[in-house]
Amino acid sequence: MGALADESMFAWFGKRIKSKDSTSVFLLAPLAAFELVFFVVPFLILVRMSLNSQPETGFYETGWTLAAYGDILGSNLYQQMILFSFKLGVIATVVAVVLALFYAYAAYRAEGLTKSILLFSIILPLLTTLVVKTYAWRPLLAPNGVLNDFLLSLELIGSRIQFAPSLFGTVVGQVYIVFPYAVLAIYSVLSTLDWDVVEAARDLGASRPRSFFEVVLPEVLPGVAVATVVSFAWSVGAYAAPSQLGTGSQTTFAMEIGNLMLTNFNWPVGAAFAILMLAAMLAASLAVIRLLTGSIGGVQDV
Amino acid sequence: MASVTLADLTKEYGDLTAVDGLDLDVDDGELLCLLGPSGCGKSTTLRMLGGLETPTDGDVYIGDERVTDEPPYERDTSMVFQSWALFPHKSVLENVAFGLKMDGVDEAERNERARDVLEVVEMSEFVDADPEDLSGGQKQRVALARSLAIEPDVLLLDEPLSNLDKRLREQMQLELRNIHDEVETTFVHVTHDQNEAFTLADSIAIMNDGDVEQVGEPREVYDDPVSLFVEEFLGDTNLVDARVQSHIDGGVVAATEFDEEIEVPTPGGHVEAGDPLTISFRPEELDVSRVAADGGQSADPAEAGDVTTALEGTVTDVLYRGSSVRFYVQIGETSVFFEQSVGDKTDFEVDDSVVVSWDPEDLLVFSEGERLGRGGT
Ligand SMILES: Nc1ncnc2c1ncn2[C@@H]1O[C@H](COP(=O)(O)OP(=O)(O)O)[C@@H](O)[C@H]1O
Ligand SMILES: [Mg+2]
């Protein structure tokens, strides 16, 4: 059966190469090699590592055991971390996607210089290192920071508030990280929307909000789905924002994996944790796509 | 049903004045065509009428109501877009029922009414289709049905036929006329195609550079253009430059590009010697006959008596244009054309010497773009 599979795979390759679009195979080849070396192989190593046993001293001991998985699923602390990671993922995603929807819509409607500025200011943060731009929020949100000074001067607050480190700071930081990607995902779909269609809806009696929900939203839903999955996957696995803008209670599993690997030198548990979370996020992302694509059909039926 | 009044309507985009102090009245139940070249401000005018654009100045009245600042969803107008703008995620039926849904009509009733309208535009069999699967002509019908379904006071059409091929376009023109007769709604139809305007319109408003040049029934506008712009835009004609030489009874003698002086009637016109004129010789008003070999005229002698003016020229080109043939005749420094139906008795050939004659009463004379002696006929 193996031979048969190989044969048909080669046949597939041969047909590909013979057919006119053979160039695409050659263009894909380096990418495939890259994926193999830097993603598939490390992942297999990770799987193997998660099955090793944990010695008293040293990183790991070669073996075949599911002990690491058992340790994680049995740990109350880890369950808390996982729960928090998903909570952060949901909050940051909802905030980022809703804001991105407004922002993308504003950019879509803007013209000339305003449009360029709106789009450019989305690209600009992508040019800075994640750690630097996340860290930059600290002096802004700290108790003696700029935001507190500002709110105090306006007498909106009576005493200084610790915006960071806190859950608030963590969410702000994480939203800031994923926001540009969410905007770009939504904007790219929105930019294909024919404005005449929105005008037609208004002309036929739909108010502004109504025309948005009736014709704009169904059109951008695929973009919203992509924005949601990207924001969610990234935020569940958040590392930079919670470690720089959060307190100890904002510890995500990603931070804990870092600890296990680099500080506690417990590689099997670290690896098992990574694989479990990868599987969980994959399932969650598929569910999100399913939900949003499903509701596209739902909107159609309205 | 309602009349429409546009008063001193103006729209500026930065430095550009798209619509410039436009006044226009459309009668209740009338089909008015806004006709003009591309970029003259037709769409902008229509969009201000529908509330999709806010005027910089001036007012829009529908019936007796001033609606200048009303948003589109508060107005009883409906627009058929050039791109048709069908809702991509809705079926044909949902598209057509959309306006009724926004009005709060319950589902059973709005679907029934949408089906009725789809029947009017002969799209009943496509009720459940996805609009993206339809042909241009079908999309156009759905767009029309969608606007008709809400029974608007005024239906606005922005070149909805311009994306169709010629045959379909001509068929749709007739159907639009019939639908207009059926629904008795006021239609304002924008087009840059004079044939379309003549086919459709109860009344034509010719626009130029952000303002209306002339409004009237098609025949009236054609027979009695107020300006050189209207004359040029409404159809192919021969425009000949001339210069006033001297005054005679009821007109002037003018030197022309024909290298001959001719008599031109200028009833009520105030022109001075030396003034430039433009004279329109409409091809259908020209009489042409072959010059006989002996130099005399072979034309019917009975007609010769009526001929006030005639000039000799040479046929330079013969163009076959389907059912008609167009002949170009060189006279002096310029050339004029006239047309004959294929199979007409006389056939001219290149290099034939011909006599071109006309009745001065049929000449349209323009000075500085304005028609001289307008209404004198
Ligand atoms: N939104 C706009 N912004 C700037 N200029 C515009 C806009 N819409 C139309 N114009 C300009 O106004 C003029 C009239 O346009 P339009 O009304 O579309 O003409 P038409 O429909 O007769 O072809 C054109 O010069 C066009 O470029
Ligand atoms: Mg236009």
# chains A, B, ... in the order shown; residues from 1 in each chain; ligands from 1
>>> residues_around(residues="Val229 of chain A", least_positions_apart="2", cutoff="12 Å", atoms="only C-alpha atoms", output="short mmCIF file (atom, residue, chain, number, x, y, z; two decimals) with N, CA, C and O atoms, in the first residue's frame")
data_model
loop_
_atom_site.label_atom_id
_atom_site.label_comp_id
_atom_site.auth_asym_id
_atom_site.auth_seq_id
_atom_site.Cartn_x
_atom_site.Cartn_y
_atom_site.Cartn_z
N GLY A 89 -7.37 35.34 25.67
CA GLY A 89 -7.58 35.18 24.23
C GLY A 89 -8.93 35.72 23.80
O GLY A 89 -9.04 36.47 22.82
N VAL A 90 -9.97 35.36 24.55
CA VAL A 90 -11.31 35.79 24.17
C VAL A 90 -11.45 37.31 24.32
O VAL A 90 -11.92 38.00 23.39
N ALA A 92 -9.13 39.75 24.44
CA ALA A 92 -8.30 40.51 23.50
C ALA A 92 -8.86 40.39 22.08
O ALA A 92 -8.89 41.37 21.33
N THR A 93 -9.36 39.21 21.73
CA THR A 93 -9.90 39.01 20.38
C THR A 93 -11.15 39.85 20.15
O THR A 93 -11.27 40.54 19.14
N VAL A 94 -12.07 39.79 21.11
CA VAL A 94 -13.31 40.55 20.94
C VAL A 94 -13.00 42.04 20.82
O VAL A 94 -13.47 42.72 19.89
N ALA A 96 -10.12 43.52 20.00
CA ALA A 96 -9.34 43.83 18.80
C ALA A 96 -10.21 43.77 17.54
O ALA A 96 -10.14 44.66 16.69
N VAL A 97 -11.04 42.75 17.43
CA VAL A 97 -11.82 42.59 16.19
C VAL A 97 -12.89 43.68 16.07
O VAL A 97 -13.09 44.24 14.99
N VAL A 178 -2.14 42.54 18.23
CA VAL A 178 -2.88 41.85 17.16
C VAL A 178 -3.73 42.80 16.30
O VAL A 178 -4.13 42.43 15.20
N TYR A 181 -3.03 43.30 12.50
CA TYR A 181 -3.33 42.13 11.68
C TYR A 181 -4.83 41.98 11.47
O TYR A 181 -5.30 41.64 10.39
N ALA A 182 -5.57 42.26 12.53
CA ALA A 182 -7.03 42.18 12.43
C ALA A 182 -7.54 43.23 11.43
O ALA A 182 -8.39 42.94 10.58
N ALA A 185 -6.69 42.15 7.85
CA ALA A 185 -7.54 41.04 7.39
C ALA A 185 -8.92 41.56 6.99
O ALA A 185 -9.46 41.18 5.95
N ILE A 186 -9.48 42.43 7.81
CA ILE A 186 -10.83 42.93 7.52
C ILE A 186 -10.79 43.92 6.35
O ILE A 186 -11.61 43.87 5.45
N PRO A 222 -15.97 36.96 6.02
CA PRO A 222 -14.75 36.15 5.85
C PRO A 222 -13.52 36.85 6.43
O PRO A 222 -12.67 36.20 7.04
N GLY A 223 -13.43 38.16 6.25
CA GLY A 223 -12.32 38.92 6.81
C GLY A 223 -12.36 38.91 8.32
O GLY A 223 -11.33 38.79 9.00
N VAL A 224 -13.57 39.03 8.87
CA VAL A 224 -13.73 38.99 10.32
C VAL A 224 -13.30 37.63 10.86
O VAL A 224 -12.66 37.53 11.90
N ALA A 225 -13.63 36.57 10.12
CA ALA A 225 -13.24 35.22 10.54
C ALA A 225 -11.72 35.09 10.62
O ALA A 225 -11.18 34.61 11.61
N VAL A 226 -11.04 35.58 9.58
CA VAL A 226 -9.57 35.51 9.58
C VAL A 226 -9.02 36.34 10.74
O VAL A 226 -8.15 35.89 11.48
N ALA A 227 -9.55 37.56 10.91
CA ALA A 227 -9.08 38.44 11.98
C ALA A 227 -9.28 37.76 13.34
O ALA A 227 -8.41 37.82 14.21
N SER A 231 -6.20 36.72 15.76
CA SER A 231 -6.15 37.40 17.07
C SER A 231 -6.25 36.37 18.19
O SER A 231 -5.51 36.44 19.18
N PHE A 232 -7.15 35.41 18.01
CA PHE A 232 -7.40 34.46 19.08
C PHE A 232 -6.20 33.54 19.28
O PHE A 232 -5.70 33.38 20.40
N ALA A 233 -5.72 32.97 18.19
CA ALA A 233 -4.59 32.04 18.30
C ALA A 233 -3.39 32.74 18.94
O ALA A 233 -2.72 32.20 19.81
N TRP A 234 -3.17 33.97 18.50
CA TRP A 234 -2.03 34.71 19.01
C TRP A 234 -2.23 35.09 20.48
O TRP A 234 -1.30 35.02 21.30
N SER A 235 -3.44 35.49 20.84
CA SER A 235 -3.68 35.99 22.19
C SER A 235 -3.72 34.87 23.22
O SER A 235 -3.31 35.05 24.36
N VAL A 236 -4.24 33.70 22.81
CA VAL A 236 -4.22 32.57 23.75
C VAL A 236 -2.77 32.22 24.08
O VAL A 236 -2.44 31.95 25.23
N MET A 281 -5.73 24.95 20.67
CA MET A 281 -5.92 26.15 19.85
C MET A 281 -6.38 25.80 18.44
O MET A 281 -7.19 26.50 17.85
N LEU A 282 -5.86 24.71 17.93
CA LEU A 282 -6.27 24.26 16.60
C LEU A 282 -7.78 23.98 16.61
O LEU A 282 -8.52 24.44 15.74
N ALA A 283 -8.21 23.26 17.65
CA ALA A 283 -9.64 22.94 17.76
C ALA A 283 -10.46 24.22 17.90
O ALA A 283 -11.48 24.40 17.22
N ALA A 284 -9.99 25.14 18.75
CA ALA A 284 -10.74 26.37 18.98
C ALA A 284 -10.82 27.19 17.68
O ALA A 284 -11.87 27.74 17.34
N SER A 285 -9.70 27.27 16.94
CA SER A 285 -9.68 28.06 15.71
C SER A 285 -10.65 27.48 14.67
O SER A 285 -11.40 28.21 14.03
N LEU A 286 -10.63 26.15 14.56
CA LEU A 286 -11.55 25.52 13.62
C LEU A 286 -12.99 25.80 14.01
O LEU A 286 -13.84 26.06 13.15
N ALA A 287 -13.25 25.78 15.32
CA ALA A 287 -14.60 26.06 15.79
C ALA A 287 -15.02 27.48 15.42
O ALA A 287 -16.14 27.73 14.99
N VAL A 288 -14.08 28.44 15.58
CA VAL A 288 -14.39 29.83 15.25
C VAL A 288 -14.71 29.97 13.76
O VAL A 288 -15.72 30.58 13.38
N ILE A 289 -13.87 29.35 12.93
CA ILE A 289 -14.11 29.43 11.48
C ILE A 289 -15.47 28.85 11.15
O ILE A 289 -16.28 29.43 10.43
N ARG A 290 -15.74 27.67 11.74
CA ARG A 290 -17.00 26.98 11.52
C ARG A 290 -18.17 27.89 11.90
O ARG A 290 -19.13 28.06 11.16
N LEU A 291 -18.02 28.52 13.06
CA LEU A 291 -19.09 29.38 13.59
C LEU A 291 -19.35 30.54 12.64
O LEU A 291 -20.49 30.81 12.26
N LEU A 292 -18.27 31.22 12.22
CA LEU A 292 -18.45 32.42 11.40
C LEU A 292 -18.86 32.07 9.98
O LEU A 292 -19.67 32.76 9.38
#
>>> closest_atom_pairs(of="chain B", to="chain A", cutoff="7 Å", atoms="only C-alpha atoms", output="CSV")
residue,atom,partner,partner_atom,distance
B:Pro72,CA,A:Asp203,CA,4.9
B:Tyr73,CA,A:Gly205,CA,3.9
B:Glu74,CA,A:Gly205,CA,6.8
B:Ser78,CA,A:Asp203,CA,6.0
B:Met79,CA,A:Asp203,CA,6.8
B:Ala85,CA,A:Val197,CA,4.7
B:Leu86,CA,A:Val197,CA,6.4
B:Phe87,CA,A:Val197,CA,6.2
B:His89,CA,A:Gln300,CA,5.8
B:Lys90,CA,A:Gln300,CA,5.9
B:Gly99,CA,A:Leu204,CA,4.7
B:Met102,CA,A:Gly205,CA,5.6
B:Asp103,CA,A:Gly205,CA,6.8
>>> write_last_selection(atoms="N, CA, C and O atoms", output="short mmCIF file (atom, residue, chain, number, x, y, z; two decimals), in the first residue's frame")
data_model
loop_
_atom_site.label_atom_id
_atom_site.label_comp_id
_atom_site.auth_asym_id
_atom_site.auth_seq_id
_atom_site.Cartn_x
_atom_site.Cartn_y
_atom_site.Cartn_z
N PRO B 72 -31.15 59.69 2.08
CA PRO B 72 -31.82 58.90 1.03
C PRO B 72 -32.95 58.02 1.58
O PRO B 72 -33.96 57.84 0.91
N TYR B 73 -32.75 57.46 2.79
CA TYR B 73 -33.76 56.51 3.29
C TYR B 73 -35.02 57.20 3.76
O TYR B 73 -36.00 56.57 4.09
N GLU B 74 -35.00 58.55 3.80
CA GLU B 74 -36.22 59.27 4.16
C GLU B 74 -36.96 59.77 2.92
O GLU B 74 -38.01 60.37 3.02
N SER B 78 -36.12 56.26 -5.67
CA SER B 78 -35.30 55.05 -5.71
C SER B 78 -34.42 55.08 -6.94
O SER B 78 -34.84 55.47 -8.01
N MET B 79 -33.20 54.65 -6.75
CA MET B 79 -32.19 54.78 -7.79
C MET B 79 -31.85 53.43 -8.40
O MET B 79 -31.66 52.45 -7.68
N ALA B 85 -25.65 47.43 -8.75
CA ALA B 85 -25.47 47.36 -7.30
C ALA B 85 -26.42 46.38 -6.61
O ALA B 85 -27.00 46.70 -5.58
N LEU B 86 -26.55 45.19 -7.15
CA LEU B 86 -27.38 44.17 -6.48
C LEU B 86 -26.65 43.67 -5.24
O LEU B 86 -25.42 43.65 -5.20
N PHE B 87 -27.42 43.26 -4.22
CA PHE B 87 -26.81 42.77 -3.00
C PHE B 87 -26.27 41.37 -3.23
O PHE B 87 -27.03 40.45 -3.53
N HIS B 89 -25.11 38.99 -1.34
CA HIS B 89 -25.40 37.84 -0.46
C HIS B 89 -26.88 37.54 -0.36
O HIS B 89 -27.32 36.85 0.56
N LYS B 90 -27.66 38.12 -1.27
CA LYS B 90 -29.10 37.88 -1.21
C LYS B 90 -29.58 37.34 -2.55
O LYS B 90 -29.03 37.66 -3.59
N GLY B 99 -36.37 46.57 -0.05
CA GLY B 99 -36.95 47.86 0.30
C GLY B 99 -38.21 47.71 1.14
O GLY B 99 -38.45 48.47 2.09
N MET B 102 -37.30 46.86 4.66
CA MET B 102 -36.89 48.05 5.40
C MET B 102 -38.12 48.87 5.82
O MET B 102 -38.09 49.57 6.83
N ASP B 103 -39.18 48.75 5.04
CA ASP B 103 -40.41 49.45 5.38
C ASP B 103 -41.22 48.71 6.43
O ASP B 103 -42.29 49.17 6.84
#
>>> residues_near_ligand(ligand="ligand 2", cutoff="8 Å", atoms="only C-alpha atoms and all ligand atoms", output="VMD selection string")
chain B and resid 38 to 39 41 to 44 82 158 to 159 190 to 191
>>> write_last_selection(atoms="N, CA and C atoms", output="PDB file, in the first residue's frame")
ATOM      1  N   SER B  38     -20.404  62.857 -21.128  1.00  0.00           N
ATOM      2  CA  SER B  38     -19.818  62.318 -19.906  1.00  0.00           C
ATOM      3  C   SER B  38     -19.101  63.427 -19.128  1.00  0.00           C
ATOM      4  N   GLY B  39     -19.315  63.464 -17.819  1.00  0.00           N
ATOM      5  CA  GLY B  39     -18.644  64.443 -16.967  1.00  0.00           C
ATOM      6  C   GLY B  39     -19.352  65.770 -16.847  1.00  0.00           C
ATOM      7  N   GLY B  41     -22.089  66.360 -15.248  1.00  0.00           N
ATOM      8  CA  GLY B  41     -22.762  66.510 -13.962  1.00  0.00           C
ATOM      9  C   GLY B  41     -24.116  65.827 -13.863  1.00  0.00           C
ATOM     10  N   LYS B  42     -24.425  64.925 -14.780  1.00  0.00           N
ATOM     11  CA  LYS B  42     -25.718  64.240 -14.755  1.00  0.00           C
ATOM     12  C   LYS B  42     -25.870  63.375 -13.509  1.00  0.00           C
ATOM     13  N   SER B  43     -24.873  62.528 -13.247  1.00  0.00           N
ATOM     14  CA  SER B  43     -24.969  61.632 -12.093  1.00  0.00           C
ATOM     15  C   SER B  43     -25.044  62.425 -10.802  1.00  0.00           C
ATOM     16  N   THR B  44     -24.233  63.454 -10.707  1.00  0.00           N
ATOM     17  CA  THR B  44     -24.234  64.270  -9.493  1.00  0.00           C
ATOM     18  C   THR B  44     -25.614  64.874  -9.254  1.00  0.00           C
ATOM     19  N   GLN B  82     -25.896  52.535 -12.331  1.00  0.00           N
ATOM     20  CA  GLN B  82     -25.231  52.115 -13.559  1.00  0.00           C
ATOM     21  C   GLN B  82     -24.614  50.727 -13.391  1.00  0.00           C
ATOM     22  N   ASP B 158     -29.660  55.906 -13.475  1.00  0.00           N
ATOM     23  CA  ASP B 158     -28.367  56.463 -13.873  1.00  0.00           C
ATOM     24  C   ASP B 158     -27.704  55.560 -14.912  1.00  0.00           C
ATOM     25  N   GLU B 159     -27.975  55.833 -16.167  1.00  0.00           N
ATOM     26  CA  GLU B 159     -27.413  55.051 -17.274  1.00  0.00           C
ATOM     27  C   GLU B 159     -27.487  53.545 -17.039  1.00  0.00           C
ATOM     28  N   VAL B 190     -31.006  59.219 -16.693  1.00  0.00           N
ATOM     29  CA  VAL B 190     -29.768  59.844 -17.146  1.00  0.00           C
ATOM     30  C   VAL B 190     -29.164  59.034 -18.282  1.00  0.00           C
ATOM     31  N   THR B 191     -28.727  59.707 -19.318  1.00  0.00           N
ATOM     32  CA  THR B 191     -28.043  59.012 -20.411  1.00  0.00           C
ATOM     33  C   THR B 191     -27.142  59.978 -21.169  1.00  0.00           C
TER      34      THR B 191
END
>>> residues_around(residues="Gly237 of chain A", least_positions_apart="5", cutoff="9 Å", atoms="only C-alpha atoms", output="PyMOL selection string")
chain A and resi 85-86+89+232+252-255+277+281
>>> closest_atom_pairs(of="chain B", to="ligand 1", cutoff="12 Å", atoms="only C-alpha atoms and all ligand atoms", output="tab-separated table")
residue	atom	partner	partner_atom_place_in_ligand_line	distance
B:Thr10	CA	ligand 1	12 (O)	11.2
B:Lys11	CA	ligand 1	12 (O)	8.4
B:Glu12	CA	ligand 1	12 (O)	8.0
B:Tyr13	CA	ligand 1	4 (C)	5.0
B:Gly14	CA	ligand 1	4 (C)	7.5
B:Asp15	CA	ligand 1	5 (N)	9.3
B:Leu16	CA	ligand 1	5 (N)	6.9
B:Thr17	CA	ligand 1	12 (O)	6.9
B:Ala18	CA	ligand 1	12 (O)	4.1
B:Val19	CA	ligand 1	14 (C)	7.1
B:Asp20	CA	ligand 1	14 (C)	10.3
B:Leu34	CA	ligand 1	22 (O)	9.0
B:Leu35	CA	ligand 1	22 (O)	8.4
B:Gly36	CA	ligand 1	22 (O)	6.4
B:Pro37	CA	ligand 1	22 (O)	6.2
B:Ser38	CA	ligand 1	23 (O)	3.7
B:Gly39	CA	ligand 1	23 (O)	3.4
B:Cys40	CA	ligand 1	22 (O)	4.0
B:Gly41	CA	ligand 1	17 (O)	3.2
B:Lys42	CA	ligand 1	22 (O)	3.7
B:Ser43	CA	ligand 1	21 (O)	3.6
B:Thr44	CA	ligand 1	17 (O)	3.7
B:Thr45	CA	ligand 1	17 (O)	6.4
B:Leu46	CA	ligand 1	17 (O)	8.0
B:Arg47	CA	ligand 1	17 (O)	8.3
B:Met48	CA	ligand 1	17 (O)	9.8
B:Leu49	CA	ligand 1	17 (O)	11.9
B:Leu52	CA	ligand 1	1 (N)	10.6
B:Glu53	CA	ligand 1	1 (N)	8.7
B:Thr54	CA	ligand 1	1 (N)	11.0
B:Phe81	CA	ligand 1	21 (O)	11.3
B:Gln82	CA	ligand 1	21 (O)	9.9
B:Leu157	CA	ligand 1	21 (O)	11.2
B:Asp158	CA	ligand 1	21 (O)	7.8
B:Glu159	CA	ligand 1	21 (O)	8.5
B:Pro160	CA	ligand 1	21 (O)	11.9
B:Ser162	CA	ligand 1	23 (O)	11.9
B:His189	CA	ligand 1	21 (O)	11.3
B:Val190	CA	ligand 1	21 (O)	7.8
B:Thr191	CA	ligand 1	22 (O)	8.3
B:His192	CA	ligand 1	22 (O)	7.7
B:Asp193	CA	ligand 1	22 (O)	11.5
B:Ile206	CA	ligand 1	22 (O)	10.8
B:Met207	CA	ligand 1	22 (O)	8.1
B:Asn208	CA	ligand 1	22 (O)	8.6
B:Asp209	CA	ligand 1	14 (C)	8.2
B:Gly210	CA	ligand 1	14 (C)	7.2
B:Asp211	CA	ligand 1	22 (O)	10.4
B:Val212	CA	ligand 1	22 (O)	11.5
>>> select_by_dssp(residues="segment 3-191 of chain B", states="strand (DSSP E or B)", output="ChimeraX atom specification")
/B:4-13,16-26,31-35,57-62,65-66,77-80,154-158,186-191
>>> residues_around(residues="Arg177 of chain B", least_positions_apart="6", cutoff="9 Å", atoms="only C-alpha atoms", output="list in words")
Leu31, Thr199, Leu200 and Ala201 of chain B
>>> atom_distance(atom1="atom CA of Asp224 of chain B", atom2="atom CA of Arg374 of chain B")
7.1 Å
>>> residues_around(residues="Leu276 of chain A", least_positions_apart="5", cutoff="12 Å", atoms="only C-alpha atoms", output="ChimeraX atom specification")
/A:46-47,50,68-70,72-73,78-79,82,237,253-254,257,269-271,281-283
>>> write_last_selection(atoms="N, CA and C atoms", output="short mmCIF file (atom, residue, chain, number, x, y, z; two decimals), in the first residue's frame")
data_model
loop_
_atom_site.label_atom_id
_atom_site.label_comp_id
_atom_site.auth_asym_id
_atom_site.auth_seq_id
_atom_site.Cartn_x
_atom_site.Cartn_y
_atom_site.Cartn_z
N LEU A 46 9.62 17.83 19.21
CA LEU A 46 8.82 18.23 20.37
C LEU A 46 7.95 17.06 20.85
N VAL A 47 7.34 16.37 19.88
CA VAL A 47 6.48 15.23 20.22
C VAL A 47 7.31 14.16 20.92
N SER A 50 8.18 15.12 24.47
CA SER A 50 7.08 15.09 25.44
C SER A 50 6.87 13.68 25.99
N ALA A 68 4.34 13.14 31.50
CA ALA A 68 4.33 14.60 31.39
C ALA A 68 2.91 15.12 31.16
N TYR A 69 2.17 14.42 30.27
CA TYR A 69 0.79 14.84 29.98
C TYR A 69 -0.06 14.72 31.24
N GLY A 70 0.14 13.60 31.96
CA GLY A 70 -0.61 13.39 33.19
C GLY A 70 -0.35 14.49 34.19
N ILE A 72 0.47 17.57 33.68
CA ILE A 72 -0.16 18.84 33.30
C ILE A 72 -1.65 18.80 33.58
N LEU A 73 -2.32 17.74 33.08
CA LEU A 73 -3.77 17.68 33.21
C LEU A 73 -4.19 17.54 34.68
N TYR A 78 -1.79 24.56 36.61
CA TYR A 78 -1.76 24.61 35.15
C TYR A 78 -3.16 24.82 34.58
N GLN A 79 -4.15 24.21 35.23
CA GLN A 79 -5.52 24.42 34.76
C GLN A 79 -5.90 25.90 34.85
N ILE A 82 -4.21 27.73 32.03
CA ILE A 82 -4.88 27.48 30.74
C ILE A 82 -6.16 28.30 30.66
N GLY A 237 -1.93 32.30 23.08
CA GLY A 237 -0.53 31.99 23.30
C GLY A 237 0.30 33.22 23.64
N PHE A 253 0.01 30.16 29.71
CA PHE A 253 0.74 28.89 29.58
C PHE A 253 2.01 29.08 28.77
N ALA A 254 2.00 30.04 27.85
CA ALA A 254 3.20 30.26 27.05
C ALA A 254 4.36 30.68 27.94
N ILE A 257 5.54 27.64 29.79
CA ILE A 257 6.37 26.76 28.96
C ILE A 257 7.80 27.31 28.92
N VAL A 269 7.81 18.01 30.23
CA VAL A 269 6.57 18.69 30.59
C VAL A 269 6.35 19.92 29.72
N GLY A 270 7.43 20.69 29.48
CA GLY A 270 7.33 21.86 28.60
C GLY A 270 6.82 21.46 27.23
N ALA A 271 7.41 20.39 26.68
CA ALA A 271 7.02 19.94 25.34
C ALA A 271 5.57 19.45 25.33
N MET A 281 -5.73 24.95 20.67
CA MET A 281 -5.92 26.15 19.85
C MET A 281 -6.38 25.80 18.44
N LEU A 282 -5.86 24.71 17.93
CA LEU A 282 -6.27 24.26 16.60
C LEU A 282 -7.78 23.98 16.61
N ALA A 283 -8.21 23.26 17.65
CA ALA A 283 -9.64 22.94 17.76
C ALA A 283 -10.46 24.22 17.90
#
>>> select_by_dssp(residues="segment 41-99 of chain B", states="alpha helix (DSSP H)", output="list in words")
Lys42, Ser43, Thr44, Thr45, Leu46, Arg47, Met48, Leu49, Gly50, Val92, Leu93, Glu94, Asn95, Val96, Ala97, Phe98 and Gly99 of chain B
>>> write_last_selection(atoms="N, CA, C and O atoms", output="compact mmCIF listing (two decimals), in the first residue's frame")
# COMPACT_ATOMS: atom_id res chain seq x y z
N LYS B 42 -24.43 64.93 -14.78
CA LYS B 42 -25.72 64.24 -14.75
C LYS B 42 -25.87 63.37 -13.51
O LYS B 42 -26.87 63.47 -12.80
N SER B 43 -24.87 62.53 -13.25
CA SER B 43 -24.97 61.63 -12.09
C SER B 43 -25.04 62.42 -10.80
O SER B 43 -25.81 62.09 -9.90
N THR B 44 -24.23 63.45 -10.71
CA THR B 44 -24.23 64.27 -9.49
C THR B 44 -25.61 64.87 -9.25
O THR B 44 -26.12 64.88 -8.13
N THR B 45 -26.24 65.36 -10.32
CA THR B 45 -27.58 65.92 -10.20
C THR B 45 -28.56 64.86 -9.70
O THR B 45 -29.33 65.09 -8.77
N LEU B 46 -28.48 63.69 -10.31
CA LEU B 46 -29.40 62.61 -9.95
C LEU B 46 -29.18 62.18 -8.50
O LEU B 46 -30.13 61.91 -7.76
N ARG B 47 -27.91 62.13 -8.09
CA ARG B 47 -27.58 61.71 -6.73
C ARG B 47 -28.06 62.73 -5.70
O ARG B 47 -28.46 62.37 -4.59
N MET B 48 -28.04 64.00 -6.07
CA MET B 48 -28.58 65.02 -5.15
C MET B 48 -30.09 64.87 -5.05
O MET B 48 -30.68 65.08 -4.00
N LEU B 49 -30.69 64.48 -6.17
CA LEU B 49 -32.14 64.26 -6.16
C LEU B 49 -32.50 63.09 -5.25
O LEU B 49 -33.50 63.13 -4.52
N GLY B 50 -31.66 62.07 -5.26
CA GLY B 50 -31.94 60.88 -4.45
C GLY B 50 -31.43 60.99 -3.01
O GLY B 50 -31.69 60.10 -2.21
N VAL B 92 -32.32 36.81 -5.70
CA VAL B 92 -33.05 37.79 -6.50
C VAL B 92 -34.30 38.26 -5.75
O VAL B 92 -34.57 39.46 -5.64
N LEU B 93 -35.03 37.32 -5.18
CA LEU B 93 -36.25 37.67 -4.46
C LEU B 93 -35.93 38.56 -3.25
O LEU B 93 -36.60 39.58 -3.02
N GLU B 94 -34.87 38.22 -2.52
CA GLU B 94 -34.50 39.02 -1.34
C GLU B 94 -34.05 40.41 -1.75
O GLU B 94 -34.31 41.39 -1.05
N ASN B 95 -33.36 40.47 -2.89
CA ASN B 95 -32.97 41.78 -3.41
C ASN B 95 -34.19 42.65 -3.65
O ASN B 95 -34.25 43.80 -3.21
N VAL B 96 -35.16 42.08 -4.33
CA VAL B 96 -36.34 42.86 -4.72
C VAL B 96 -37.21 43.17 -3.50
O VAL B 96 -37.82 44.23 -3.42
N ALA B 97 -37.21 42.27 -2.53
CA ALA B 97 -38.05 42.48 -1.34
C ALA B 97 -37.37 43.38 -0.31
O ALA B 97 -37.99 43.78 0.68
N PHE B 98 -36.10 43.73 -0.56
CA PHE B 98 -35.31 44.45 0.46
C PHE B 98 -35.96 45.76 0.92
O PHE B 98 -36.08 46.02 2.11
N GLY B 99 -36.37 46.57 -0.05
CA GLY B 99 -36.95 47.86 0.30
C GLY B 99 -38.21 47.71 1.14
O GLY B 99 -38.45 48.47 2.09
>>> residues_around(residues="segment 140-152 of chain A", least_positions_apart="5", cutoff="9 Å", atoms="only C-alpha atoms", output="list in words")
Ile157, Gly158, Ser159, Arg160, Ile161, Gln162, Phe163, Ala164, Pro165, Gly169 and Leu245 of chain A
>>> residues_around(residues="segment 117-128 of chain B", least_positions_apart="4", cutoff="9 Å", atoms="only C-alpha atoms", output="list in words")
Ser91, Val92, Leu93, Glu94, Val96, Glu112, Arg113, Leu134, Gln138, Arg141, Val142, Leu144, Ala145, Arg146, Leu148, Ala149, Glu175 and Ile179 of chain B
